[in-house]
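Reproduced below: upload14.csv, with CSV, C-alpha atoms.
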```csv
chain,number,residue,atom,x,y,z
A,138,MET,CA,61.4,137.0,-82.5
A,139,SER,CA,60.9,140.7,-83.1
A,140,GLY,CA,61.2,141.3,-79.3
A,141,ILE,CA,64.2,139.0,-79.1
A,142,ARG,CA,65.9,141.0,-81.9
A,143,ALA,CA,65.2,144.3,-80.1
A,144,VAL,CA,66.9,142.9,-77.0
A,145,ALA,CA,69.9,141.7,-79.0
A,146,ASP,CA,70.3,145.2,-80.5
A,147,PHE,CA,69.9,146.8,-77.1
A,148,LEU,CA,72.7,144.7,-75.6
A,149,ALA,CA,74.9,145.5,-78.6
A,150,ASP,CA,74.4,149.2,-77.9
A,151,VAL,CA,75.3,148.7,-74.2
A,152,TRP,CA,78.5,147.0,-75.1
A,153,GLN,CA,79.2,149.4,-78.0
A,154,MET,CA,79.2,146.7,-80.6
A,155,PRO,CA,77.7,146.6,-84.1
A,156,HIS,CA,74.1,145.3,-84.3
A,157,ALA,CA,75.4,142.8,-86.9
A,158,THR,CA,77.6,141.2,-84.2
A,159,PRO,CA,75.8,141.6,-80.8
A,160,PRO,CA,77.2,139.9,-77.7
A,161,TYR,CA,74.1,137.7,-77.7
A,162,PRO,CA,72.7,137.1,-81.3
A,163,PRO,CA,68.9,136.8,-81.4
A,164,GLU,CA,69.0,133.2,-82.5
A,165,VAL,CA,71.0,132.4,-79.4
A,166,LEU,CA,68.6,134.2,-77.1
A,167,HIS,CA,65.7,132.5,-78.8
A,168,SER,CA,67.3,129.1,-78.3
A,169,LEU,CA,68.0,129.9,-74.6
A,170,VAL,CA,64.3,130.6,-74.1
A,171,HIS,CA,63.3,127.4,-76.0
A,172,ALA,CA,65.7,125.5,-73.6
A,173,GLY,CA,63.8,126.7,-70.6
A,174,GLY,CA,65.6,130.0,-69.9
A,175,ALA,CA,64.1,133.5,-69.9
A,176,VAL,CA,64.8,136.9,-71.5
A,177,HIS,CA,63.3,139.7,-69.5
A,178,ALA,CA,63.0,143.2,-70.9
A,179,ALA,CA,61.9,146.6,-69.7
A,180,TYR,CA,60.6,149.2,-72.2
A,181,SER,CA,60.4,152.9,-72.5
A,182,GLU,CA,58.2,155.0,-74.8
A,183,LYS,CA,60.1,157.3,-77.1
A,184,PRO,CA,59.1,159.5,-80.0
A,185,SER,CA,60.5,156.8,-82.3
A,186,GLY,CA,58.4,154.2,-80.6
A,187,VAL,CA,58.6,151.7,-77.7
A,188,ARG,CA,62.1,150.5,-77.2
A,189,PRO,CA,64.0,148.3,-74.7
A,190,ALA,CA,65.4,150.2,-71.7
A,191,GLY,CA,66.7,147.2,-69.9
A,192,ALA,CA,67.2,143.4,-70.4
A,193,ALA,CA,68.3,140.3,-68.6
A,194,VAL,CA,69.0,136.7,-69.7
A,195,ALA,CA,69.0,133.6,-67.5
A,196,VAL,CA,68.9,129.8,-67.8
A,197,PHE,CA,68.8,126.9,-65.4
A,198,GLY,CA,72.0,125.0,-64.7
A,199,PRO,CA,72.8,121.3,-64.2
A,200,PRO,CA,69.8,118.9,-63.8
A,201,GLY,CA,69.0,118.2,-60.1
A,202,GLU,CA,70.7,121.3,-58.8
A,203,ARG,CA,67.8,123.7,-59.4
A,204,ASP,CA,70.3,126.1,-60.6
A,205,VAL,CA,69.7,129.5,-62.3
A,206,TYR,CA,72.5,131.1,-64.3
A,207,SER,CA,72.1,134.8,-65.0
A,208,PHE,CA,74.1,135.6,-68.1
A,209,VAL,CA,73.6,139.3,-68.4
A,210,ALA,CA,71.5,142.3,-67.3
A,211,ALA,CA,71.6,145.8,-68.5
A,212,ALA,CA,69.8,149.1,-68.3
A,213,SER,CA,69.9,152.2,-70.5
A,214,ALA,CA,69.1,154.9,-67.9
A,215,SER,CA,70.5,155.6,-64.5
A,216,GLY,CA,68.4,156.6,-61.5
A,217,ARG,CA,65.1,155.3,-62.8
A,218,GLY,CA,65.0,152.0,-61.2
A,219,VAL,CA,65.1,150.0,-64.4
A,220,GLY,CA,67.9,147.8,-63.3
A,221,PHE,CA,66.3,147.0,-60.0
A,222,ALA,CA,63.0,146.1,-61.8
A,223,ILE,CA,64.8,143.8,-64.2
A,224,LYS,CA,66.5,142.0,-61.3
A,225,GLN,CA,63.2,141.6,-59.5
A,226,ALA,CA,61.6,140.1,-62.6
A,227,GLN,CA,64.5,137.6,-62.8
A,228,ARG,CA,64.1,136.9,-59.0
A,229,GLN,CA,60.4,136.2,-59.4
A,230,TRP,CA,60.9,133.9,-62.3
A,231,ALA,CA,63.7,132.0,-60.5
A,232,LEU,CA,61.6,131.6,-57.3
A,233,GLU,CA,58.6,130.4,-59.3
A,234,HIS,CA,60.9,127.7,-60.8
A,235,GLY,CA,62.2,126.5,-57.4
A,236,ALA,CA,65.4,128.4,-57.1
A,237,THR,CA,66.4,130.4,-54.0
A,238,THR,CA,69.7,131.9,-54.7
A,239,MET,CA,71.2,133.7,-57.7
A,240,ARG,CA,74.8,134.3,-58.7
A,241,TRP,CA,76.5,136.5,-61.3
A,242,THR,CA,79.8,138.2,-61.8
A,243,PHE,CA,80.7,141.8,-62.4
A,244,ASP,CA,83.8,144.0,-62.7
A,245,PRO,CA,85.0,144.7,-59.2
A,246,LEU,CA,86.4,148.1,-60.3
A,247,VAL,CA,82.9,149.4,-61.1
A,248,GLY,CA,82.0,150.8,-57.7
A,249,ARG,CA,78.5,151.8,-58.5
A,250,ASN,CA,77.7,148.3,-59.6
A,251,ALA,CA,79.2,146.9,-56.5
A,252,ARG,CA,77.1,149.2,-54.4
A,253,PHE,CA,73.9,148.1,-56.3
A,254,ASN,CA,74.7,144.5,-55.9
A,255,LEU,CA,76.0,144.4,-52.3
A,256,VAL,CA,73.8,147.2,-50.8
A,257,ARG,CA,70.7,147.7,-52.9
A,258,LEU,CA,70.1,144.0,-53.5
A,259,GLY,CA,71.9,142.7,-50.4
A,260,ALA,CA,74.0,140.2,-52.2
A,261,VAL,CA,77.4,139.0,-50.8
A,262,GLY,CA,80.7,138.7,-52.6
A,263,GLY,CA,82.0,135.2,-53.4
A,264,GLU,CA,84.8,134.2,-55.8
A,265,TYR,CA,87.3,136.6,-57.1
A,266,LEU,CA,88.1,135.5,-60.7
A,267,VAL,CA,91.4,136.7,-62.2
A,268,ASP,CA,91.3,137.6,-65.9
A,269,PHE,CA,88.1,135.5,-66.1
A,270,TYR,CA,87.3,136.2,-69.7
A,271,GLY,CA,90.8,136.9,-71.0
A,272,PRO,CA,91.2,139.8,-73.5
A,273,MET,CA,88.0,141.4,-74.5
A,274,SER,CA,87.2,143.2,-77.8
A,275,ASP,CA,84.0,145.1,-77.1
A,276,GLY,CA,83.9,148.9,-77.0
A,277,VAL,CA,83.9,149.1,-73.2
A,278,ASN,CA,86.6,146.7,-71.9
A,279,ASN,CA,89.4,147.0,-74.5
A,280,GLY,CA,92.9,147.1,-73.0
A,281,ASP,CA,92.1,145.8,-69.6
A,282,GLU,CA,92.3,142.4,-67.9
A,283,SER,CA,88.9,140.9,-67.1
A,284,ASP,CA,88.9,140.3,-63.4
A,285,ARG,CA,85.4,139.5,-62.1
A,286,LEU,CA,83.8,139.2,-58.7
A,287,THR,CA,81.0,136.7,-58.1
A,288,VAL,CA,78.1,137.7,-55.9
A,289,GLU,CA,75.4,135.5,-54.4
A,290,TRP,CA,71.9,136.8,-53.8
A,291,ASP,CA,69.6,135.1,-51.4
A,292,LEU,CA,66.3,135.4,-53.4
A,293,VAL,CA,64.1,134.5,-50.3
A,294,ALA,CA,65.7,136.4,-47.5
A,295,GLY,CA,67.8,138.9,-49.3
A,296,SER,CA,67.1,142.6,-48.6
A,297,PRO,CA,69.0,145.9,-48.8
A,298,ARG,CA,72.0,145.9,-46.5
A,299,GLN,CA,71.5,148.0,-43.4
A,300,ASP,CA,75.0,148.1,-41.8
A,301,GLY,CA,77.2,151.0,-42.9
A,302,PRO,CA,80.3,150.2,-44.9
A,303,ASP,CA,82.0,153.3,-43.3
A,304,ASP,CA,81.7,152.1,-39.7
A,305,GLY,CA,85.2,152.1,-38.3
A,306,ARG,CA,86.9,153.3,-41.5
A,307,ALA,CA,88.0,156.6,-40.1
A,308,ASP,CA,90.1,154.8,-37.4
A,309,ALA,CA,91.6,152.2,-39.7
A,310,ASP,CA,95.2,152.1,-40.7
A,311,THR,CA,96.4,152.6,-44.3
A,312,VAL,CA,98.3,149.5,-45.4
A,313,ARG,CA,98.5,150.1,-49.2
A,314,ARG,CA,98.6,153.1,-51.5
A,315,ALA,CA,96.6,153.4,-54.7
A,316,PRO,CA,98.1,154.3,-58.1
A,317,ASP,CA,96.8,157.8,-57.7
A,318,GLY,CA,98.8,158.2,-54.5
A,319,GLY,CA,95.8,158.1,-52.2
A,320,PRO,CA,95.0,155.3,-49.7
A,321,LEU,CA,94.0,152.0,-51.4
A,322,ALA,CA,93.6,149.5,-48.5
A,323,LEU,CA,92.7,150.1,-44.8
A,324,ARG,CA,92.8,147.6,-42.0
A,325,GLY,CA,90.7,147.3,-38.9
A,326,ALA,CA,90.7,144.6,-36.2
A,327,ASP,CA,88.5,142.2,-38.1
A,328,ARG,CA,87.9,143.9,-41.4
A,329,MET,CA,89.4,145.6,-44.4
A,330,TRP,CA,88.5,148.3,-46.8
A,331,CYS,CA,89.6,148.7,-50.4
A,332,ARG,CA,89.1,151.7,-52.7
A,333,VAL,CA,88.3,151.6,-56.4
A,334,PRO,CA,88.5,154.4,-59.0
A,335,GLU,CA,85.6,156.8,-59.2
A,336,ASP,CA,84.9,155.8,-62.9
A,337,ILE,CA,87.0,152.9,-64.2
A,338,VAL,CA,85.3,153.1,-67.6
A,339,ALA,CA,86.3,156.7,-68.2
A,340,LEU,CA,89.8,156.1,-66.8
A,341,ARG,CA,90.3,153.1,-69.1
A,342,ALA,CA,89.4,155.2,-72.1
A,343,ALA,CA,91.6,158.1,-71.0
A,344,ASP,CA,94.6,156.3,-69.6
A,345,PRO,CA,94.6,152.5,-70.2
A,346,ALA,CA,98.0,152.0,-68.4
A,347,LEU,CA,96.8,153.7,-65.2
A,348,ALA,CA,93.5,151.7,-65.3
A,349,LEU,CA,95.6,148.5,-65.5
A,350,ARG,CA,97.7,149.5,-62.5
A,351,TRP,CA,94.4,150.0,-60.6
A,352,ARG,CA,93.3,146.5,-61.7
A,353,HIS,CA,96.5,144.9,-60.4
A,354,ALA,CA,96.5,146.9,-57.2
A,355,VAL,CA,92.9,146.0,-56.3
A,356,ARG,CA,93.6,142.4,-57.2
A,357,GLU,CA,96.5,142.2,-54.7
A,358,VAL,CA,94.3,143.6,-51.9
A,359,PHE,CA,91.5,141.1,-52.7
A,360,ALA,CA,94.1,138.2,-52.8
A,361,GLU,CA,95.4,139.2,-49.3
A,362,ALA,CA,91.8,139.6,-47.9
A,363,TYR,CA,90.6,136.3,-49.3
A,364,ALA,CA,93.7,134.5,-47.9
A,365,GLU,CA,92.5,135.7,-44.5
A,366,GLY,CA,88.9,134.6,-45.1
A,367,LEU,CA,87.5,138.1,-45.7
A,368,ARG,CA,85.1,138.8,-48.5
A,369,PRO,CA,83.2,141.9,-49.8
A,370,THR,CA,79.9,142.5,-48.0
A,371,SER,CA,79.3,146.2,-48.7
A,372,MET,CA,80.3,149.3,-50.7
A,373,SER,CA,80.3,152.9,-49.7
A,374,ARG,CA,79.0,155.8,-51.8
A,375,ASP,CA,82.5,157.1,-52.2
A,376,GLY,CA,83.9,153.9,-53.6
A,377,TRP,CA,85.2,151.8,-50.6
A,378,TYR,CA,84.6,148.1,-50.4
A,379,LEU,CA,84.0,146.6,-46.9
A,380,LEU,CA,85.4,143.1,-46.6
A,381,THR,CA,84.4,141.1,-43.5
A,382,ARG,CA,84.0,137.5,-42.3
A,383,ARG,CA,80.3,138.0,-42.1
A,384,PRO,CA,78.5,134.7,-42.8
A,385,THR,CA,75.7,134.4,-45.3
A,386,ALA,CA,72.7,132.3,-44.4
A,387,GLY,CA,70.9,130.4,-47.1
A,388,LEU,CA,73.9,129.6,-49.4
A,389,THR,CA,75.1,126.1,-49.7
A,390,ALA,CA,78.5,125.5,-48.1
A,391,GLY,CA,81.3,125.1,-50.6
A,392,GLU,CA,79.2,126.5,-53.4
A,393,THR,CA,81.3,129.6,-53.8
A,394,GLY,CA,84.7,128.2,-53.3
A,395,ALA,CA,84.7,125.2,-55.6
A,396,GLY,CA,86.7,126.3,-58.6
A,397,VAL,CA,86.0,129.0,-61.2
A,398,ALA,CA,82.4,130.0,-61.9
A,399,ALA,CA,81.3,129.4,-65.4
A,400,GLY,CA,80.8,132.5,-67.4
A,401,SER,CA,79.8,133.8,-70.8
A,402,PRO,CA,81.0,136.6,-72.9
A,403,TYR,CA,79.3,139.9,-72.0
A,404,GLY,CA,77.3,138.5,-69.2
A,405,GLY,CA,78.0,137.1,-65.9
A,406,THR,CA,78.0,133.9,-64.1
A,407,SER,CA,74.8,133.9,-62.1
A,408,HIS,CA,72.7,131.1,-61.0
A,409,ALA,CA,70.2,130.4,-58.4
A,410,THR,CA,70.4,127.3,-56.2
A,411,ALA,CA,68.2,125.8,-53.6
A,412,PRO,CA,70.3,125.6,-50.5
A,413,GLU,CA,70.8,122.4,-48.5
A,414,THR,CA,72.5,123.9,-45.5
A,415,THR,CA,72.7,127.3,-43.8
A,416,SER,CA,76.4,127.3,-43.4
A,417,ALA,CA,78.4,130.1,-45.0
A,418,PRO,CA,80.2,129.3,-48.3
A,419,SER,CA,83.9,129.6,-48.5
A,420,ALA,CA,85.3,132.5,-50.5
A,421,SER,CA,87.9,131.8,-53.1
A,422,PHE,CA,90.4,133.8,-55.1
A,423,THR,CA,90.8,132.1,-58.5
A,424,PRO,CA,93.2,132.8,-61.3
A,425,SER,CA,91.4,132.1,-64.5
A,426,ALA,CA,90.9,132.8,-68.1
A,427,SER,CA,87.6,132.4,-70.0
A,428,SER,CA,85.4,134.5,-72.2
A,429,ALA,CA,84.1,138.1,-71.4
A,430,PRO,CA,81.8,140.3,-69.3
A,431,CYS,CA,81.7,144.1,-69.2
A,432,THR,CA,80.8,147.5,-67.8
A,433,SER,CA,79.5,150.4,-69.7
A,434,PRO,CA,79.3,154.1,-69.8
A,435,ALA,CA,76.4,156.4,-70.0
A,436,PRO,CA,73.9,156.5,-71.5
A,437,PHE,CA,73.9,152.7,-71.6
A,438,ALA,CA,75.0,150.4,-68.8
A,439,PRO,CA,75.3,146.7,-68.4
A,440,LEU,CA,74.0,145.9,-65.0
A,441,SER,CA,76.0,144.0,-62.6
A,442,ALA,CA,73.2,142.0,-61.3
A,443,GLY,CA,71.0,144.8,-62.2
A,444,THR,CA,72.2,148.3,-61.6
A,445,PRO,CA,69.7,150.9,-61.8
A,446,ALA,CA,71.9,153.9,-61.5
A,447,SER,CA,75.0,152.8,-63.4
A,448,PRO,CA,76.3,150.8,-66.2
A,449,SER,CA,77.3,147.3,-65.3
A,450,GLN,CA,76.9,143.9,-66.4
A,451,GLU,CA,75.9,140.8,-65.0
A,452,GLN,CA,77.9,138.2,-65.9
A,453,GLU,CA,76.1,137.1,-64.2
```
Just dump the structure as structure tokens.
Amino acid sequence: MSGIRAVADFLADVWQMPHATPPYPPEVLHSLVHAGGAVHAAYSEKPSGVRPAGAAVAVFGPPGERDVYSFVAAASASGRGVGFAIKQAQRQWALEHGATTMRWTFDPLVGRNARFNLVRLGAVGGEYLVDFYGPMSDGVNNGDESDRLTVEWDLVAGSPRQDGPDDGRADADTVRRAPDGGPLALRGADRMWCRVPEDIVALRAADPALALRWRHAVREVFAEAYAEGLRPTSMSRDGWYLLTRRPTAGLTAGETGAGVAAGSPYGGTSHATAPETTSAPSASFTPSASSAPCTSPAPFAPLSAGTPASPSQEQE
């Protein structure tokens, strides 16, 4: 329980909440483990002692589906590989228990988390969930609408993405302008690019109204892309999503498009599922309201599916 309490305090720090009211109370985390789930933690040695530097929480889903649901992942330092290590620990645990795919959600406006999820881990975008958690009251997401993007990660065959998200972007046509006056959406023959703010967390704190305009603008682009069967498959270093019709082997057909993914406050909808077919799942754009995930500024960062170099959160 002492380790569980330390993780609960760590997650409270990430989401800028009091230790007395963490996003995941220690008794809840303890019950999740007792129910067959797992709490993974990474530690760093400081003058004050050994303390958590990253954490992730996951449980299995409905009986018979061999489903793993990753609620949350977070890391306290960027550029040190903590987020990647935490996700690999989750991956190993899920594989040992018979799962082959993992899913979680993250804030689509957090470009660094998108790059970690889509490029570093090799996951693929699935559902777009509109205002998934409804209003949020943590210290990171106040004043914004909680749109979330689901990603699916093939735990067996998944690997870092090799194709460049910038291929063809220079020749694409600008079809929408962003709230800052620059290009927002570009179109190619069979693909689309969408830009997100450089740092939505800082922008939300400095100018909540402008951050909300970005939210609505990106949502409209994704709605248009999803209507055409496109979905996010990569993210450039300078903040551009690449949306394509690229299929994803290993994910069960229909798994992504059927309704709204379940979620939990401050975590993400993520689960692992043993595939029954190799056909690509349908992408869906789903208006929704539920509970609440997040993103976070330095020095702490909730990991969207495990983000080593930036705050994010898995809602997974």
TODO: Could you please determine the separation between atom CA of Leu258 of chain A and atom CA of Ser373 of chain A in Å, to one decimal place?
DONE: 14.1 Å
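Comparing A:Gln229, A:Ser207, A:Thr158, A:Ser185 by their smallest distance to Ala145 of chain A, the closest is A:Thr158 (using all atoms listed in the file).
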- [ ] Grab the atom CA of Asp244 of chain A to atom CA of Trp152 of chain A distance for me, in Å with one decimal place.
- [x]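 Interatomic distance, atom CA of Asp244 of chain A to atom CA of Trp152 of chain A: 13.8 Å.
What separates atom CA of Val267 of chain A from atom CA of Ala360 of chain A is a distance of 9.9 Å.
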Task: Among the residues A:Phe147, A:Trp230, A:Tyr180, A:Tyr265, the one that comes closest to Leu292 of chain A [using all atoms listed in the file] - done: A:Trp230
Task: Top pick for closest residue to Ser283 of chain A, considering A:Gly191, A:Gln227, A:Arg356, A:Arg240 and counting all atoms listed in the file - done: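 Checking each of A:Gly191, A:Gln227, A:Arg356, A:Arg240 against Ser283 of chain A, counting all atoms listed in the file, the winner is A:Arg356.
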- [ ] Would you please work out which residue, of A:Thr311, A:Ser296, A:Thr381, A:Gln153, is nearest to Gln225 of chain A when using all atoms listed in the file?
- [x]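 That would be A:Ser296, the residue with the smallest distance to Gln225 of chain A.
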Kindly assemble as CSV a list of the segment 186-247 of chain A residues that lie within 10 Å of segment 337-352 of chain A, each paired with its nearest atom pair and their distance in Å to one decimal, using only C-alpha atoms, sorted first by chain and then by ascending residue number.
```
residue,atom,partner,partner_atom,distance
A:Asp244,CA,A:Ile337,CA,9.6
A:Pro245,CA,A:Arg352,CA,8.9
A:Leu246,CA,A:Ile337,CA,6.2
A:Val247,CA,A:Ile337,CA,6.2
```
- [ ] Return the single residue from A:Val358, A:Val205, A:Met372, A:Met273 that is closest to Leu232 of chain A, with distances computed using all atoms listed in the file.
- [x]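 The shortest atom-to-atom distance to Leu232 of chain A comes from A:Val205.
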Task: Best match for closeness to Val151 of chain A among A:Thr370, A:Ser139, A:Asn278, A:Ser181, counting only C-alpha atoms - done: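 Ranking A:Thr370, A:Ser139, A:Asn278, A:Ser181 by distance to Val151 of chain A, first place goes to A:Asn278.
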Neighbour list for Ala192 of chain A as a PDB file with C-alpha atoms, keeping the file's coordinate frame, cut-off 6 Å, all atoms listed in the file, skip fewer than 6 positions in-chain:
```pdb
ATOM      1  CA  HIS A 177      63.300 139.700 -69.500  1.00  0.00           C
ATOM      2  CA  ALA A 178      63.000 143.200 -70.900  1.00  0.00           C
ATOM      3  CA  ALA A 210      71.500 142.300 -67.300  1.00  0.00           C
ATOM      4  CA  ALA A 211      71.600 145.800 -68.500  1.00  0.00           C
TER       5      ALA A 211
END
```
- [ ] Excluding Phe359 of chain A and residues on its chain fewer than 3 positions from it, collect all residues at most 12 Å away from it, counting all atoms listed in the file, and give them as a VMD selection string.
- [x] chain A and resid 245 to 246 262 to 267 284 to 286 313 321 to 322 329 to 333 352 to 356 362 to 369 378 to 381 420 to 423
To box segment 363-366 of chain A, take all atoms listed in the file, fit an axis-aligned box, add 8 Å on each side, and give centre and edge lengths in Å to one decimal, as AutoDock Vina command-line options.
```
--center_x 91.3 --center_y 135.4 --center_z -46.9 --size_x 20.8 --size_y 17.8 --size_z 20.8
```
